[in-house]
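Notes for the one structure printed next.
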Amino acid sequence: MNLNPNPVLLLALSIVTISSGAEIYARKMEIVRIGGMQATVLRESVAISDRGTVICSRNAQLSPSRDWAVLWDSVRIKTSEVYVQADSVEYDFSQRRSMLYARPGRLITVYGESVEIRAPALEYSFVAGMIQAPAGLELRGRSGEFVVNGQRGCYFLKSRQGIVDSEPTLKIIPEQGTEVEITATKMDYNDVEGQFRATGNVRVRSGAGELVCDSAVFHPSGDSGVAWGSPKVKDSSGVAEGDTVVFYLKDRSLRQVAFHGRAKGQYRTNSGETVLVNGSQLSMELADGKIDVIEVANLISGQLIRHGAAERIGD
């Protein structure tokens, strides 16, 4: 910022009123010349009050027309919905829209009722109640039960819903055991219901196990989820698939999956034999992502393959 070192006016404990009705408070105010025009620079304990939004910082500068302001050094924003920490912000008084920035290596932090939003840069529309991250988005549960990372996304403060539509990765952090990691093309989060919906090339990983499907809905703090669209579970010793699958979590760790409708599985026993089963329902218990127990309801057919010789085990 290139400011003339010779201010034309210096005031202490100043109040500036903007045409939109917003008021700016500061301990010191300077009128300086920038590029042949006069601009207002405010220093020490700067605060903007604008229709329920309060923005505080150490320093600020008003544009010559006073329709926008730049604030920097320890920026804090307080609304009825969130509390925000940033290094600098550009604020448009007429649109009530802001661009927030963090210094290199730092992140902006938005504290909501039950989530935290972090990114190196954010756009915040106070009228729409929407926060957008153009890159490097992180959405984290305040109680630490989950964290979502993505390259781009937004969050609607009034409805408490978020969308991550570029390289989303969700991690459900267990109280103990192995964490669950979910990747997809797009991920929607409903904070009110505590629900995530993943769509497009969904992969749920837990230890050595993996669930792949087209779509999935699950509750990080709950105990179950549903997947559909060619769902399949596999690990190093077996694979199972069906029309839909319900998966269960214990202490936020993947412990059991149940396939419904045209369920079939294939797995190797400890002795090296291969078992093929088909039924209306197939349940699997997992330990650290590995298939531990398989149960089949209404067995339609089955085979036990012993070193090239097949034996039927059911009708």
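FYI, nothing fancy with the structure tokens labels: chains A, B, ... in order, residues from 1 per chain, ligands from 1 as they appear.
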
Which residues are close to Asp223 in chain A, i.e. within 12 Å by only C-alpha atoms, leaving aside same-chain residues fewer than 5 positions away? Reply as a compact mmCIF listing (two decimals) with N, CA, C and O atoms, in the first residue's frame.
# COMPACT_ATOMS: atom_id res chain seq x y z
N ILE A 172 -14.01 -39.91 8.99
CA ILE A 172 -14.75 -40.08 10.23
C ILE A 172 -13.76 -40.59 11.27
O ILE A 172 -13.19 -41.68 11.12
N PRO A 174 -12.61 -42.09 14.62
CA PRO A 174 -13.19 -42.93 15.67
C PRO A 174 -12.67 -42.56 17.05
O PRO A 174 -11.60 -41.94 17.21
N GLY A 194 -27.13 -34.01 10.66
CA GLY A 194 -25.87 -34.70 10.87
C GLY A 194 -25.61 -35.76 9.83
O GLY A 194 -25.13 -36.86 10.12
N GLN A 195 -25.92 -35.43 8.58
CA GLN A 195 -25.89 -36.42 7.50
C GLN A 195 -25.02 -35.97 6.34
O GLN A 195 -25.07 -34.82 5.92
N VAL A 217 -25.22 -42.59 1.82
CA VAL A 217 -25.69 -41.65 2.83
C VAL A 217 -25.29 -42.21 4.19
O VAL A 217 -25.49 -43.39 4.46
N PHE A 218 -24.73 -41.36 5.05
CA PHE A 218 -24.29 -41.85 6.35
C PHE A 218 -24.24 -40.70 7.36
O PHE A 218 -24.22 -39.53 7.01
N VAL A 246 -26.30 -51.86 3.73
CA VAL A 246 -26.36 -51.05 4.96
C VAL A 246 -25.08 -51.32 5.73
O VAL A 246 -24.73 -52.49 5.97
N PHE A 247 -24.36 -50.25 6.10
CA PHE A 247 -23.15 -50.46 6.86
C PHE A 247 -23.28 -49.83 8.24
O PHE A 247 -23.91 -48.79 8.42
N TYR A 248 -22.68 -50.50 9.21
CA TYR A 248 -22.82 -50.12 10.61
C TYR A 248 -21.47 -49.72 11.17
O TYR A 248 -20.44 -50.33 10.87
N LEU A 249 -21.49 -48.68 11.99
CA LEU A 249 -20.28 -48.21 12.64
C LEU A 249 -20.42 -48.37 14.15
O LEU A 249 -21.51 -48.19 14.71
N LYS A 250 -19.33 -48.70 14.79
CA LYS A 250 -19.28 -48.73 16.24
C LYS A 250 -18.13 -47.84 16.67
O LYS A 250 -16.99 -48.00 16.23
N ASP A 251 -18.44 -46.86 17.52
CA ASP A 251 -17.45 -45.86 17.92
C ASP A 251 -16.84 -45.19 16.69
O ASP A 251 -15.64 -44.93 16.63
N ARG A 252 -17.71 -44.95 15.66
CA ARG A 252 -17.33 -44.30 14.40
C ARG A 252 -16.28 -45.08 13.62
O ARG A 252 -15.54 -44.53 12.82
N SER A 253 -16.23 -46.40 13.81
CA SER A 253 -15.34 -47.28 13.05
C SER A 253 -16.20 -48.32 12.35
O SER A 253 -17.14 -48.86 12.93
N LEU A 254 -15.89 -48.61 11.07
CA LEU A 254 -16.70 -49.54 10.27
C LEU A 254 -16.55 -50.96 10.81
O LEU A 254 -15.45 -51.50 10.86
N ARG A 255 -17.70 -51.55 11.23
CA ARG A 255 -17.64 -52.86 11.87
C ARG A 255 -18.48 -53.92 11.15
O ARG A 255 -18.19 -55.10 11.26
N GLN A 256 -19.55 -53.54 10.44
CA GLN A 256 -20.41 -54.54 9.83
C GLN A 256 -21.08 -53.97 8.59
O GLN A 256 -21.41 -52.78 8.55
N VAL A 257 -21.27 -54.81 7.56
CA VAL A 257 -22.02 -54.44 6.36
C VAL A 257 -23.02 -55.55 6.07
O VAL A 257 -22.75 -56.74 6.33

### Task
For range 179-187 of chain A, list every protein, DNA or RNA residue within 8 Å, evaluated using only C-alpha atoms, and leave out those in the same chain fewer than 4 positions away; present the list as a PyMOL selection string.
chain A and resi 163-174+196-207+252-254

List the spatial neighbours of range 105-113 of chain A as a PDB file with C-alpha atoms, in the first residue's frame - criterion: any atom at most 6 Å away, only C-alpha atoms, same-chain residues fewer than 5 positions off excluded.
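Done, and the output landed in out.pdb:
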ATOM      1  CA  VAL A  82     -20.624 -17.246  13.028  1.00  0.00           C
ATOM      2  CA  TYR A  83     -17.385 -15.837  14.395  1.00  0.00           C
ATOM      3  CA  VAL A  84     -14.553 -15.404  11.863  1.00  0.00           C
ATOM      4  CA  GLN A  85     -10.781 -14.921  12.210  1.00  0.00           C
ATOM      5  CA  ALA A  86      -8.758 -13.713   9.196  1.00  0.00           C
ATOM      6  CA  ARG A 118     -11.087 -23.233   7.150  1.00  0.00           C
ATOM      7  CA  ALA A 119      -9.476 -22.073   3.917  1.00  0.00           C
ATOM      8  CA  PRO A 120      -6.703 -19.700   2.712  1.00  0.00           C
TER       9      PRO A 120
END

### Task
Name the closest residue to Leu157 in chain A among the candidates A:Met130, A:Leu137, A:Ala60, A:Leu122; distances are taken between atoms, counting only C-alpha atoms.
A:Met130

### Query
With only C-alpha atoms as the atoms that count, which of A:Ile131, A:Ile77, A:Ala121, A:Val89 lies nearest to Asn59 in chain A?
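The answer is A:Val89, which sits nearest to Asn59 in chain A.
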
#### Entry: Distance criterion (only C-alpha atoms): nearest to Ile18 in chain A out of A:Asp191, A:Ser94, A:Arg76, A:Ser45
A:Ser94

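Counting only C-alpha atoms, the residue from A:Glu81, A:Gln95, A:Leu62, A:Asp73 that sits nearest to Ser20 in chain A is A:Gln95.
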
### Task
For each of A:Asp67, A:Glu23, A:Glu210, A:Glu30, take the minimum atom-to-atom distance to Lys290 in chain A, counting only C-alpha atoms, then give the residue where this is smallest.
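Residue with the minimum atom-to-atom distance to Lys290 in chain A: A:Glu210.
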
### Secondary structure check, strand (DSSP E) residues of range 36-269 of chain A, as a PyMOL selection string
chain A and resi 37-50+53-62+68-78+83-92+97-101+108-111+115-119+121-125+130-133+137-141+146-150+152-156+161-166+169-172+180-183+186-190+195-206+209-218+224-228+232-234+238-241+244-250+253-268

### Who sits within 9 Å of Lys78 in chain A, only C-alpha atoms, same chain under 5 positions skipped, as an MDAnalysis selection string
chainID A and resid 52:56 83:84

Dump of N, CA, C and O atoms for the selected residues, as a JSON list (two decimals), in the first residue's frame:
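For reference, part-v2.json as written:
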[["chain", "number", "residue", "atom", "x", "y", "z"],
["A", 52, "GLY", "N", -26.11, -5.57, 11.92],
["A", 52, "GLY", "CA", -25.93, -6.82, 12.65],
["A", 52, "GLY", "C", -24.59, -7.48, 12.45],
["A", 52, "GLY", "O", -24.30, -8.49, 13.10],
["A", 53, "THR", "N", -23.77, -6.96, 11.55],
["A", 53, "THR", "CA", -22.43, -7.49, 11.32],
["A", 53, "THR", "C", -21.40, -6.52, 11.91],
["A", 53, "THR", "O", -21.47, -5.32, 11.67],
["A", 54, "VAL", "N", -20.46, -7.05, 12.67],
["A", 54, "VAL", "CA", -19.39, -6.24, 13.24],
["A", 54, "VAL", "C", -18.05, -6.80, 12.75],
["A", 54, "VAL", "O", -17.78, -7.99, 12.91],
["A", 55, "ILE", "N", -17.25, -5.95, 12.12],
["A", 55, "ILE", "CA", -15.92, -6.33, 11.62],
["A", 55, "ILE", "C", -14.89, -5.49, 12.37],
["A", 55, "ILE", "O", -14.96, -4.26, 12.33],
["A", 56, "CYS", "N", -13.94, -6.13, 13.02],
["A", 56, "CYS", "CA", -12.91, -5.44, 13.79],
["A", 56, "CYS", "C", -11.54, -5.75, 13.23],
["A", 56, "CYS", "O", -11.29, -6.84, 12.70],
["A", 83, "TYR", "N", -18.50, -16.69, 13.99],
["A", 83, "TYR", "CA", -17.38, -15.84, 14.39],
["A", 83, "TYR", "C", -16.22, -16.19, 13.49],
["A", 83, "TYR", "O", -15.90, -17.37, 13.30],
["A", 84, "VAL", "N", -15.57, -15.18, 12.89],
["A", 84, "VAL", "CA", -14.55, -15.40, 11.86],
["A", 84, "VAL", "C", -13.23, -14.76, 12.28],
["A", 84, "VAL", "O", -13.21, -13.63, 12.78]]

### Task
Go through A:Phe259, A:Phe126, A:Tyr155, A:Tyr267 and flag the residue nearest Ser280 in chain A, using only C-alpha atoms for the distances.
A:Phe259
